[in-house]
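Okay, structure first, notes after.
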Amino acid sequence: MEINMEKFKPVIKDYPHLLHGGDYNPDQWKKFPEVINDDMKFFGLAGVNTVSIGIFSWVEFEPEDGVYNFDFFDKIMDELAARGIKACFATPSAGKPAWISEKYPDILPVGANGVRARRGGRLGFCKSSPDFRRKIHDLNTELAKHYADHPALGMWHISNECCGVCFCDRCEAGFREWLKKKYKTLDKLNDEYWNGFWGHTYTSWDQIEAPKTEHSIHALTLDWGRYTNELLADYIAWEAEPLRKYTPNVPITTNMMQTVGIDYKKVAEKIDVVSWDSYPLWHSPNGGQLGAAISTAFWHDRFRAMSDKPFMLMECTPSLPSWSNVNKLKRPGMHKLASLQAIAHGSESVQYFQWRKSRGGFEKFHGAVIDHYGKADTRVFREVAEVGKTLAKLDAVVGTRTVSRVAIIHDTENSWAIDEMAGARKPKRYEGLCHKFYKPLWNMGIACDVIESNHSLDGYDLVIAPALYLASDETIDKLEKFVKRGGTLVSTYLTGWVDENDLCRLGGFPGGKLREVFGVWSEELDTLYDGESNKIKLDAKLDGLKDEYDIVEYCDLIHAEGARVLGHYTSDFYADEPCLTVNEYGEGRAYYIAFGNSGDFMNDLVRSLCSDMGIAPCMDTTFPEGVTATMRTDGERDYIFVQNYNDVPVEIRLDSEYEDLLNGGKLDGTLKLDKFGVQVLGRSVK
């Protein structure tokens, strides 16, 4: 399949640079003009070319209902423009003023306990509130009209980490209308929810409530998640409407998060650029840098694949967060390494929360570029300035692509369903299982897209779908066609058990066509206690795999129905029964892993499959543990980011001569990386 290698346009129109900057809140310093003057000077010293402003500034823009004042931010925008700095201008819905909740109390969300929230915090609004929607729409209209032609306006940033659900009567009524459109009749809904169980049958639409205390109807919980997800996406589109009307050429983003359980792909459809906030806990004793590096890379690839184009790192800390149980400083070198990791995986920016530490409030000790000390002669500032200098050397990377022949399906709705499932083990560790398959790809320097189940599979040769418990007919049909036309599919226990409404698939697991695709039938699933184990004994020698591996957590008791058995259990009453199979199906093949493992088996299997399929790393070399390489390309030039997450120096054998994009000149032979070191290499595409 021919892949389009044309570069993507820069995130900000006619501004072909990697973006560097962060959240800037000058309105907190209105009474300290000398601080704002220092900031403008420090921006240049740090290589800042973009700042996010206005995020919590509603009361500054609209101090009272219908009264608008942009004088202060006019001055800030003019100062930015004079320095060639672009504004990622935020709509301030995350920082609603006290007067709006006082005048329009219905904007405050209602909790699952039925109690309306008090004023305070941030966000905390009902996304279906007509008053709130009217007020933010009016303000966004005024902002867009006022700044439409300002040279500093680079992009719009809707709200801030927009999330949360409301259980008010209006939201519940909207949910019922949503259900009516989906199911048409109450009988159909009752059937799909299997409401005969525990006598949950509804006899009136008005009896349906959001899952406030009712958590035994799993399809109801799923549908509530889908409805609130669509409500969030609709709200984002509502905020964007006046921005698009008055500034049609200014791109729009909203910053997303890793752990809130939102199906962001639906939100991504409403904006122009995906962005997210990344706060890994570096240097922890549990996994140290390596665990954080792999998890962060996984999520970078997740957000990049969401729109199949470059994304933005909208927030990170240049030093430390303030909300963790242990808030540990980034060690020298780690900030540059983590910043270039984001660029390597497709980010077009490195942005911080925040530029200057707040003097008061909840996050006054959260890491920032400028400390309470207020000057630029600090270690953190020097490291940020070094990142700024580095990014300025990488204009050629802007708009380049990540080409992946491998995809891992990490599906949001599947995550919702598998977490709700009463059975097997707790916790299910679904994301951790996905990481076990991702890690060997990261170790080898092989690109991987992390996708939802509704993502197209075109262009992939290897698709890994761990524990795809919830799989719609459409997903199953897509996977079946993928294998039939020559793809390799890998999956595990807990695959294909329920449909999109969490109804068990009849006729045996994995359900539907998957039973035929994998050529196995799962009769029972045994779960193991912590400390309990089994083993897999391979029946045939497979390249790169050992004869035996330890088994933990899960033992799926399967029958081969056309699949070739590759390994069997060694103990318990199912000793000698199959636990690893491969099935030739159409032009492709499907592997079924019936057991849990700490990760060494997944590592060896993925390496073996990539070698067998000719899925090559971006460099023909062997990386030490904790070292990886990630590539972006424009079809003519490859840009390879070699990263060392070890706290000791390493050496890597280069497979050819490369251009040193950071220091100039050529590199060949041996590449030396300091602890937490990173190098960017260039080469012509052969």
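To be explicit about the labels: the chains of the structure tokens are called A, B, and onward in the order shown, and within each one the residues are counted from 1, while ligands get numbers from 1 in the order they are shown.
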Near range 68-89 of chain A, 8 Å: range 152-266 of chain A residue rows, closest pairs, only C-alpha atoms, as a Markdown table:
| residue | atom | partner | partner_atom | distance |
| --- | --- | --- | --- | --- |
| A:Ala152 | CA | A:Ala81 | CA | 4.7 |
| A:Leu153 | CA | A:Ala87 | CA | 5.1 |
| A:Gly154 | CA | A:Lys86 | CA | 5.1 |
| A:Met155 | CA | A:Cys88 | CA | 4.8 |
| A:Trp156 | CA | A:Phe89 | CA | 4.9 |
| A:His157 | CA | A:Phe89 | CA | 5.7 |
Inset, instruction - Name the residues in contact with range 136-149 of chain A at a cut-off of 8 Å, using only C-alpha atoms, excluding same-chain residues fewer than 2 positions from it; report them as a PyMOL selection string. - result: chain A and resi 62+91+93+132-134+151+153+238-239+242-243+246-247
For the selection you just gave me, I'd like the residues written to a file as a tab-separated table (two decimals), in the first residue's frame, keeping C-alpha atoms.
chain	number	residue	atom	x	y	z
A	62	GLU	CA	-16.30	39.85	31.57
A	91	THR	CA	-11.65	30.20	25.95
A	93	SER	CA	-14.83	28.23	30.50
A	132	PHE	CA	-23.78	28.40	30.53
A	133	ARG	CA	-23.76	27.61	26.83
A	134	ARG	CA	-25.26	31.01	26.02
A	151	PRO	CA	-0.89	39.18	14.60
A	153	LEU	CA	-3.25	35.05	17.55
A	238	TRP	CA	-20.51	24.57	20.63
A	239	GLU	CA	-17.58	26.53	22.03
A	242	PRO	CA	-18.06	31.32	16.96
A	243	LEU	CA	-14.30	30.83	16.73
A	246	TYR	CA	-14.94	34.76	12.87
A	247	THR	CA	-11.47	33.19	12.59
Legend entry - range 442-454 of chain A surroundings by only C-alpha atoms, 6 Å radius, close-in-sequence under 6 positions cut, as a ChimeraX atom specification: /A:301-302,305,404,406-411,617-618,628-630
Inset, instruction - Would you mind listing what lies within 8 Å of range 585-598 of chain A as a PyMOL selection string, with only C-alpha atoms counted and same-chain residues fewer than 2 positions away left out? - result: chain A and resi 436+482-493+517-518+549-558+579-583+600-602
Inset, instruction - Provide the CA of His345 in chain A to CA of Val326 in chain A distance in Å, to one decimal place. - result: 27.5 Å
Inset, instruction - Considering only C-alpha atoms, state which residue in the set A:Ile464, A:Leu662, A:Leu525, A:Ala237 is at the smallest distance from Phe437 in chain A. - result: A:Ile464
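Residues of range 230-422 of chain A carrying a DSSP assignment of strand (DSSP E), computed from the backbone, are Ile252, Thr253, Thr254, Asn255, Met256, Val273, Val274, Ser275, Trp276, Asp277, Phe311, Met312, Leu313, Met314, Glu315, Ser347, Glu348, Ser349, Val350, Gln351, Tyr352, Val406, Ala407, Ile408 and Ile409 of chain A.
Relative to CA of Asp395 in chain A, CA of Asn663 in chain A is found at 14.5 Å.
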Inset, instruction - Identify, on the basis of only C-alpha atoms, every residue whose closest approach to Glu500 in chain A does not exceed 7 Å; exclude the query and any residue fewer than 4 positions from it along the same chain; express the result as a ChimeraX atom specification. - result: /A:470-472
Legend entry - Shell around Thr402 in chain A at 12 Å using only C-alpha atoms, local window under 5 positions removed, as a ChimeraX atom specification: /A:3-8,300-301,304-305,308-311,343-347,397,446-449,618,630-635,638-640
I'd like the neighbourhood of Ser295 in chain A as a compact mmCIF listing (two decimals) with C-alpha atoms, in the first residue's frame, where a residue qualifies if any of its atoms comes within 9 Å (using only C-alpha atoms), though same-chain residues fewer than 5 positions away should be ignored.
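Saved the output as result_19.txt:
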# COMPACT_ATOMS: atom_id res chain seq x y z
CA PRO A 280 4.81 11.01 34.11
CA LEU A 290 11.91 2.96 32.04
CA HIS A 300 1.98 9.85 22.84
CA HIS A 435 1.93 -2.14 27.69
CA LYS A 439 7.31 -2.58 25.37
Legend entry - Between CA of Gly507 in chain A and CA of Gly519 in chain A - distance in Å to one decimal: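 Separation of CA of Gly519 in chain A and CA of Gly507 in chain A: 13.7 Å.
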Legend entry - Nearest residue to Leu528 in chain A from the set A:Lys426, A:Lys96, A:His366, A:Lys270 (distances using only C-alpha atoms):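 Nearest candidate to Leu528 in chain A out of A:Lys426, A:Lys96, A:His366, A:Lys270: A:Lys426.
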Inset, instruction - Could you check which of A:Arg515, A:Arg564, A:Lys541, A:Arg226 is closest to Lys266 in chain A, using only C-alpha atoms? - result: A:Arg226
